[in-house]
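This is work32.tsv. It holds TSV, C-alpha atoms.
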```tsv
chain	number	residue	atom	x	y	z
G	1	MET	CA	0.00	0.00	0.00
G	2	ILE	CA	1.36	3.42	-0.99
G	3	LYS	CA	1.38	5.89	1.90
G	4	TYR	CA	1.94	9.62	2.07
G	5	VAL	CA	3.70	10.44	5.35
G	6	VAL	CA	3.87	13.90	6.93
G	7	LYS	CA	5.93	14.21	10.12
G	8	LEU	CA	5.43	16.88	12.76
G	9	VAL	CA	8.86	17.40	14.32
G	10	SER	CA	10.30	19.65	17.03
G	11	LEU	CA	13.13	19.85	19.54
G	12	SER	CA	10.93	19.64	22.64
G	13	SER	CA	7.88	17.75	23.85
G	14	LYS	CA	5.90	20.92	24.69
G	15	SER	CA	6.14	22.59	21.30
G	16	GLY	CA	2.52	22.17	20.19
G	17	LYS	CA	2.90	19.13	17.88
G	18	THR	CA	-0.22	17.43	19.24
G	19	THR	CA	-2.29	20.61	18.95
G	20	VAL	CA	-1.23	21.09	15.33
G	21	GLY	CA	-1.60	17.36	14.62
G	22	THR	CA	-5.13	17.03	15.97
G	23	ARG	CA	-6.28	20.11	14.05
G	24	LEU	CA	-4.62	18.80	10.89
G	25	VAL	CA	-6.28	15.38	11.22
G	26	ASP	CA	-9.64	17.04	11.94
G	27	TYR	CA	-9.31	19.10	8.73
G	28	LEU	CA	-8.33	16.09	6.61
G	29	ARG	CA	-11.14	13.93	7.99
G	30	ARG	CA	-13.69	16.68	7.32
G	31	LYS	CA	-12.47	16.68	3.70
G	32	GLY	CA	-13.13	12.93	3.54
G	33	TYR	CA	-9.54	11.65	3.60
G	34	ASN	CA	-8.56	8.31	5.15
G	35	VAL	CA	-5.98	9.27	7.81
G	36	GLY	CA	-3.87	7.32	10.29
G	37	VAL	CA	-1.71	8.67	13.11
G	38	ILE	CA	1.58	7.52	14.64
G	39	LYS	CA	2.74	9.16	17.87
G	40	HIS	CA	6.32	8.50	18.90
G	41	CYS	CA	6.83	8.24	22.66
G	42	HIS	CA	10.35	8.54	24.08
G	43	LYS	CA	9.24	7.27	27.48
G	44	ASP	CA	7.49	4.00	28.30
G	45	ILE	CA	3.81	3.90	27.36
G	46	ILE	CA	1.50	3.53	30.37
G	47	LEU	CA	-1.46	1.30	29.53
G	48	ASP	CA	-4.77	2.53	30.89
G	49	ILE	CA	-6.50	-0.86	30.50
G	50	LYS	CA	-5.26	-2.77	33.53
G	51	ASP	CA	-6.22	-6.30	32.43
G	52	SER	CA	-4.64	-5.81	28.98
G	53	SER	CA	-1.31	-4.78	30.49
G	54	ARG	CA	-1.29	-7.93	32.64
G	55	TYR	CA	-1.25	-10.12	29.51
G	56	LEU	CA	1.77	-8.21	28.20
G	57	GLU	CA	3.50	-8.56	31.55
G	58	VAL	CA	3.28	-12.37	31.36
G	59	GLY	CA	4.77	-12.50	27.87
G	60	ALA	CA	2.04	-12.07	25.25
G	61	ASP	CA	3.43	-10.48	22.07
G	62	GLU	CA	0.11	-8.93	21.02
G	63	VAL	CA	-3.01	-7.98	22.98
G	64	LEU	CA	-6.16	-6.67	21.31
G	65	ALA	CA	-8.77	-4.98	23.52
G	66	SER	CA	-12.14	-4.69	21.81
G	67	SER	CA	-15.41	-2.93	22.62
G	68	LYS	CA	-18.40	-1.90	20.54
G	69	ASP	CA	-16.88	1.55	19.95
G	70	LEU	CA	-13.14	0.95	19.79
G	71	VAL	CA	-10.48	-1.67	19.18
G	72	VAL	CA	-7.02	-1.09	20.68
G	73	MET	CA	-4.03	-3.27	19.81
G	74	TYR	CA	-0.93	-3.48	21.98
G	75	LYS	CA	2.10	-5.01	20.29
G	76	LYS	CA	5.60	-5.46	21.62
G	77	SER	CA	7.91	-3.64	19.23
G	78	LEU	CA	11.38	-5.09	18.75
G	79	VAL	CA	12.57	-2.19	16.57
G	80	ASP	CA	11.56	1.40	17.29
G	81	ASP	CA	11.78	2.42	13.64
G	82	LEU	CA	9.23	4.43	11.66
G	83	LYS	CA	9.56	2.21	8.59
G	84	LYS	CA	8.61	-0.84	10.70
G	85	VAL	CA	5.82	0.96	12.55
G	86	LEU	CA	4.24	2.11	9.27
G	87	ASP	CA	3.54	-1.55	8.47
G	88	TYR	CA	0.81	-1.45	11.15
G	89	ILE	CA	-1.01	1.52	9.58
G	90	ASN	CA	-3.38	0.84	6.68
G	91	THR	CA	-4.34	4.35	5.61
G	92	PRO	CA	-3.08	6.27	2.55
G	93	ILE	CA	-2.28	9.39	4.63
G	94	VAL	CA	-0.28	9.03	7.83
G	95	VAL	CA	0.32	11.94	10.22
G	96	VAL	CA	3.34	11.20	12.40
G	97	GLU	CA	4.16	13.03	15.61
G	98	GLY	CA	7.87	12.70	16.24
G	99	TYR	CA	10.48	10.38	14.70
G	100	ARG	CA	12.68	13.41	14.00
G	101	GLY	CA	15.62	11.15	13.15
G	102	SER	CA	13.79	9.36	10.31
G	103	ASP	CA	14.23	10.41	6.68
G	104	ILE	CA	10.75	9.14	5.71
G	105	GLY	CA	8.05	11.59	4.64
G	106	ASP	CA	7.67	15.36	4.55
G	107	ASN	CA	8.96	17.25	7.60
G	108	VAL	CA	6.84	19.97	9.19
G	109	GLY	CA	8.74	21.72	11.99
G	110	ILE	CA	6.83	23.05	14.99
G	111	VAL	CA	9.09	25.93	16.00
G	112	ARG	CA	8.94	28.44	18.86
G	113	ASP	CA	12.00	30.65	18.16
G	114	VAL	CA	14.83	31.14	15.68
G	115	ASN	CA	17.32	29.12	17.76
G	116	ASP	CA	14.97	26.12	17.64
G	117	PHE	CA	14.56	26.62	13.91
G	118	ARG	CA	18.31	26.69	13.21
G	119	GLU	CA	18.99	23.68	15.43
G	120	LEU	CA	16.20	21.74	13.70
G	121	LEU	CA	17.70	22.56	10.31
G	122	ARG	CA	21.09	21.39	11.53
G	123	THR	CA	20.00	18.09	13.08
G	124	LEU	CA	17.35	16.76	10.70
G	125	PRO	CA	18.55	13.97	8.37
G	126	LYS	CA	16.27	15.40	5.67
G	127	LYS	CA	15.26	18.95	4.75
G	128	LEU	CA	12.42	20.84	6.38
G	129	ASP	CA	9.48	21.10	3.99
G	130	ALA	CA	7.34	23.43	6.08
G	131	ILE	CA	7.19	25.06	9.51
G	132	VAL	CA	4.49	26.20	11.91
G	133	SER	CA	5.52	29.18	14.05
G	134	ASN	CA	4.33	32.56	15.33
G	135	ASP	CA	7.84	34.03	15.43
G	136	ASP	CA	8.31	36.58	12.63
G	137	GLU	CA	12.08	36.07	12.54
G	138	VAL	CA	11.57	32.33	12.07
G	139	LEU	CA	8.98	32.87	9.33
G	140	ASN	CA	11.21	35.27	7.40
G	141	GLU	CA	14.28	33.03	7.68
G	142	ALA	CA	12.27	29.98	6.62
G	143	LEU	CA	10.90	31.78	3.57
G	144	SER	CA	14.43	32.80	2.56
G	145	ASN	CA	15.35	29.09	2.68
G	146	GLY	CA	12.44	28.12	0.43
G	147	ILE	CA	10.45	26.53	3.26
G	148	LYS	CA	6.64	26.81	3.41
G	149	THR	CA	5.45	28.76	6.46
G	150	PHE	CA	2.26	28.68	8.51
G	151	ARG	CA	1.20	30.31	11.76
G	152	PHE	CA	-0.46	28.31	14.53
G	153	ASN	CA	-3.86	29.74	13.55
G	154	GLU	CA	-3.36	28.66	9.91
G	155	VAL	CA	-3.64	24.89	10.30
G	156	GLU	CA	-6.32	24.74	7.58
G	157	LEU	CA	-3.79	26.25	5.15
G	158	LEU	CA	-1.35	23.57	6.31
G	159	GLY	CA	-4.09	21.01	5.66
G	160	MET	CA	-4.49	22.28	2.10
G	161	TRP	CA	-0.73	21.97	1.60
G	162	VAL	CA	-0.80	18.39	2.96
G	163	GLU	CA	-3.70	17.57	0.59
G	164	ARG	CA	-1.66	18.78	-2.38
G	165	ARG	CA	1.50	16.96	-1.28
G	166	ALA	CA	-0.44	13.71	-0.70
G	167	LEU	CA	-2.01	13.91	-4.16
G	168	GLU	CA	1.40	14.63	-5.75
G	169	ASN	CA	2.89	11.68	-3.86
G	170	ILE	CA	0.26	9.21	-5.10
G	171	LEU	CA	0.28	10.58	-8.64
G	172	GLY	CA	4.06	10.19	-8.70
G	173	SER	CA	3.62	6.43	-8.21
G	174	LEU	CA	1.15	6.12	-11.11
G	175	PRO	CA	1.94	5.83	-14.84
G	176	ARG	CA	-0.18	8.94	-15.66
G	177	LYS	CA	-1.67	7.19	-18.71
G	178	ASP	CA	-5.27	8.27	-17.94
G	179	CYS	CA	-6.28	4.99	-19.60
G	180	GLY	CA	-9.56	4.55	-17.71
G	181	LEU	CA	-9.00	0.83	-17.09
G	182	CYS	CA	-9.38	1.45	-13.35
G	183	GLY	CA	-12.88	2.84	-13.90
G	184	TYR	CA	-11.89	6.46	-13.30
G	185	SER	CA	-11.59	9.21	-15.91
G	186	SER	CA	-8.00	10.09	-15.01
G	187	CYS	CA	-5.10	9.13	-12.75
G	188	GLU	CA	-5.79	12.24	-10.65
G	189	VAL	CA	-9.41	11.21	-9.98
G	190	PHE	CA	-8.13	7.70	-9.19
G	191	ALA	CA	-5.60	9.14	-6.71
G	192	GLN	CA	-8.26	11.27	-5.00
G	193	ALA	CA	-10.48	8.20	-4.54
G	194	TYR	CA	-7.53	6.22	-3.18
G	195	LEU	CA	-6.70	8.94	-0.63
G	196	LYS	CA	-10.32	8.82	0.57
G	197	GLY	CA	-10.10	5.10	1.30
G	198	VAL	CA	-11.79	3.69	-1.82
G	199	ASN	CA	-10.50	0.24	-2.80
G	200	VAL	CA	-9.00	1.07	-6.20
G	201	ARG	CA	-6.56	-0.79	-8.43
G	202	CYS	CA	-4.25	0.39	-11.22
G	203	VAL	CA	-3.58	-2.41	-13.70
G	204	HIS	CA	-0.30	-0.81	-14.74
G	205	THR	CA	1.25	-0.82	-11.25
G	206	GLN	CA	-0.27	-4.01	-9.78
G	207	GLN	CA	-0.12	-6.45	-12.68
G	208	SER	CA	0.41	-10.07	-11.72
G	209	VAL	CA	1.05	-12.60	-14.48
G	210	ARG	CA	1.15	-16.41	-14.04
G	211	LEU	CA	2.18	-18.72	-16.86
G	212	LEU	CA	1.16	-22.38	-16.56
G	213	VAL	CA	2.29	-24.99	-19.11
G	214	ASN	CA	0.73	-28.44	-18.59
G	215	ASP	CA	-0.27	-27.18	-15.12
G	216	TYR	CA	3.38	-26.45	-14.33
G	217	GLU	CA	4.04	-22.81	-13.34
G	218	ILE	CA	6.83	-21.09	-15.24
G	219	THR	CA	8.75	-18.40	-13.33
G	220	LEU	CA	8.72	-15.07	-15.17
G	221	ASN	CA	11.13	-12.21	-14.74
G	222	PRO	CA	9.64	-8.68	-14.39
G	223	PHE	CA	10.40	-7.74	-18.01
G	224	VAL	CA	8.56	-10.76	-19.48
G	225	SER	CA	5.72	-10.39	-16.98
G	226	ASN	CA	5.16	-6.73	-17.90
G	227	LEU	CA	5.50	-7.52	-21.62
G	228	ILE	CA	2.82	-10.23	-21.48
G	229	ALA	CA	0.48	-8.03	-19.42
G	230	SER	CA	0.87	-5.07	-21.79
G	231	LEU	CA	0.33	-7.27	-24.85
G	232	VAL	CA	-2.79	-8.94	-23.45
G	233	ASN	CA	-4.30	-5.66	-22.22
G	234	GLY	CA	-3.57	-4.06	-25.60
G	235	LEU	CA	-5.31	-6.87	-27.50
G	236	VAL	CA	-8.30	-6.89	-25.15
G	237	ASN	CA	-8.67	-3.12	-25.58
G	238	THR	CA	-9.49	-3.68	-29.26
G	239	LEU	CA	-12.45	-5.97	-28.49
G	240	LYS	CA	-16.06	-4.86	-28.11
G	241	GLY	CA	-18.20	-5.52	-25.06
G	242	ILE	CA	-15.25	-5.79	-22.65
G	243	PRO	CA	-15.77	-4.21	-19.19
G	244	LEU	CA	-13.86	-0.97	-18.68
G	245	ARG	CA	-12.56	-2.21	-15.33
G	246	ARG	CA	-10.89	-5.61	-15.62
G	247	ASP	CA	-9.57	-7.11	-12.38
G	248	LYS	CA	-8.59	-10.40	-13.97
G	249	ILE	CA	-8.06	-11.74	-17.50
G	250	VAL	CA	-7.71	-15.48	-18.15
G	251	ILE	CA	-6.53	-16.88	-21.51
G	252	GLU	CA	-6.40	-20.63	-22.05
G	253	VAL	CA	-4.62	-22.12	-25.09
G	254	ASN	CA	-5.36	-25.81	-25.75
G	255	ASN	CA	-2.92	-27.42	-28.23
G	256	LYS	CA	-4.69	-30.79	-28.38
```
Please re-express this file's structure in structure tokens.
Amino acid sequence: MIKYVVKLVSLSSKSGKTTVGTRLVDYLRRKGYNVGVIKHCHKDIILDIKDSSRYLEVGADEVLASSKDLVVMYKKSLVDDLKKVLDYINTPIVVVEGYRGSDIGDNVGIVRDVNDFRELLRTLPKKLDAIVSNDDEVLNEALSNGIKTFRFNEVELLGMWVERRALENILGSLPRKDCGLCGYSSCEVFAQAYLKGVNVRCVHTQQSVRLLVNDYEITLNPFVSNLIASLVNGLVNTLKGIPLRRDKIVIEVNNK
């Protein structure tokens, strides 16, 4: 699953990341986007559900607490790494609070003063893409460095920026053929549906080809697999009465 990741990063735990993050998620959800959240905790997590924590204490690797309104999963993590943690999130947009040391995703700095800003620039493994600050000196210096700027009362503008970046990210993974085989009029409309949680499929990026000869499967390298898929799809496109969206095509050749 392709994910667009935006990280809210700062030098301190009281910078306002959660305030910005909750407002950002609220904006994206109101626009209909499918959003997940990862919050990085430097200290041990205290479990509020007493009985669930007891199972972890005796060695369970995973505990799932379920009610009619909410399901919470506790999992022992062997590697505190954003790339690994992202495997547990199944949404196309992921808002991450923390993980400043990771080079994954767009970085949005939550900055109080110019010293924080300069230290963040110096220590991040990847460039700052945007900042949120009310300090005029920070805003001016960020703009001179080509960094997008937002004030704390402009989270909706930040949300619009995240929307655009998410769409660009998904479109960048698509062939941009606007072929319509997915059932959508263009790759951009496809990407918008994907970001809103619709189960969509692009035949050009998720093609899977199996070749069986006398019921024996022949291993295909990526070049041959893509060649066969392109050839078959091209031939089928010339036929009448074929569904626009084709999840599976089966061709059987009998030489008897």
Practice problem: Within 8 Å of (-7.3, 2.6, 3.3) (coordinates as in the file), grab all the protein and nucleic acid residues, counting all atoms listed in the file, and write them out as a list in words. | Solution: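 Final list of nearby residues, as requested, is Asn34, Asn90, Thr91, Pro92, Tyr194, Leu195, Lys196, Gly197, Val198 and Asn199 of chain G.
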Quiz prompt | Counting only C-alpha atoms, the residue of G:Arg112, G:Tyr74, G:Asp80, G:Glu137 that sits nearest Tyr55 in chain G | solution = G:Tyr74
Quiz item: What is the CA of Arg100 in chain G-CA of Val9 in chain G distance in Å, reported with one decimal?
Solution: 5.5 Å
Quiz item: Just how far from CA of Lys75 in chain G is CA of Asp61 in chain G, in Å to one decimal?
Solution: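 Atom-to-atom, CA of Asp61 in chain G to CA of Lys75 in chain G, that is 5.9 Å.
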Exercise. Measuring atom to atom with all atoms listed in the file, identify which of G:Val138, G:Ala229, G:Leu143, G:Val155 is nearest to Ile251 in chain G.
Key: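 Checking each of G:Val138, G:Ala229, G:Leu143, G:Val155 against Ile251 in chain G, counting all atoms listed in the file, the winner is G:Ala229.
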List the neighbours of Lys7 in chain G out to 7 Å using only C-alpha atoms; skip same-chain residues closer than 4 positions along the sequence, and give me the result as a PDB file with C-alpha atoms, keeping the file's coordinate frame.
```pdb
ATOM      1  CA  VAL G  95       0.320  11.940  10.220  1.00  0.00           C
ATOM      2  CA  VAL G  96       3.340  11.200  12.400  1.00  0.00           C
ATOM      3  CA  GLU G  97       4.160  13.030  15.610  1.00  0.00           C
ATOM      4  CA  GLY G  98       7.870  12.700  16.240  1.00  0.00           C
ATOM      5  CA  GLY G 105       8.050  11.590   4.640  1.00  0.00           C
ATOM      6  CA  ASP G 106       7.670  15.360   4.550  1.00  0.00           C
ATOM      7  CA  ASN G 107       8.960  17.250   7.600  1.00  0.00           C
ATOM      8  CA  VAL G 108       6.840  19.970   9.190  1.00  0.00           C
TER       9      VAL G 108
END
```
Practice problem: Would you work out the distance separating CA of Glu163 in chain G from CA of Ile131 in chain G, expressed in Å to one decimal? | Solution: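 Computing the Euclidean distance for CA of Glu163 in chain G and CA of Ile131 in chain G yields 15.9 Å.
Between Asn237 in chain G and the candidates G:Cys202, G:Cys179, G:Leu8, G:Ala191, the tightest atom-to-atom separation, counting all atoms listed in the file, involves G:Cys179.
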Self-check item: Pick from G:Pro222, G:Gly109, G:Gly36, G:Gly183 nearest to Leu158 in chain G, counting all atoms listed in the file
Solution: G:Gly109
Practice problem: Kindly indicate which residue among G:Cys187, G:Val132, G:Ala60, G:Ile104 lies nearest to Val20 in chain G, using all atoms listed in the file for the distances. | Solution: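 Of the candidates, the smallest distance to Val20 in chain G is held by G:Val132.
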Quiz item: Which one of G:Phe152, G:Phe190, G:Trp161, G:Tyr27 sits closest to Ala130 in chain G if you count only C-alpha atoms?
Solution: G:Trp161
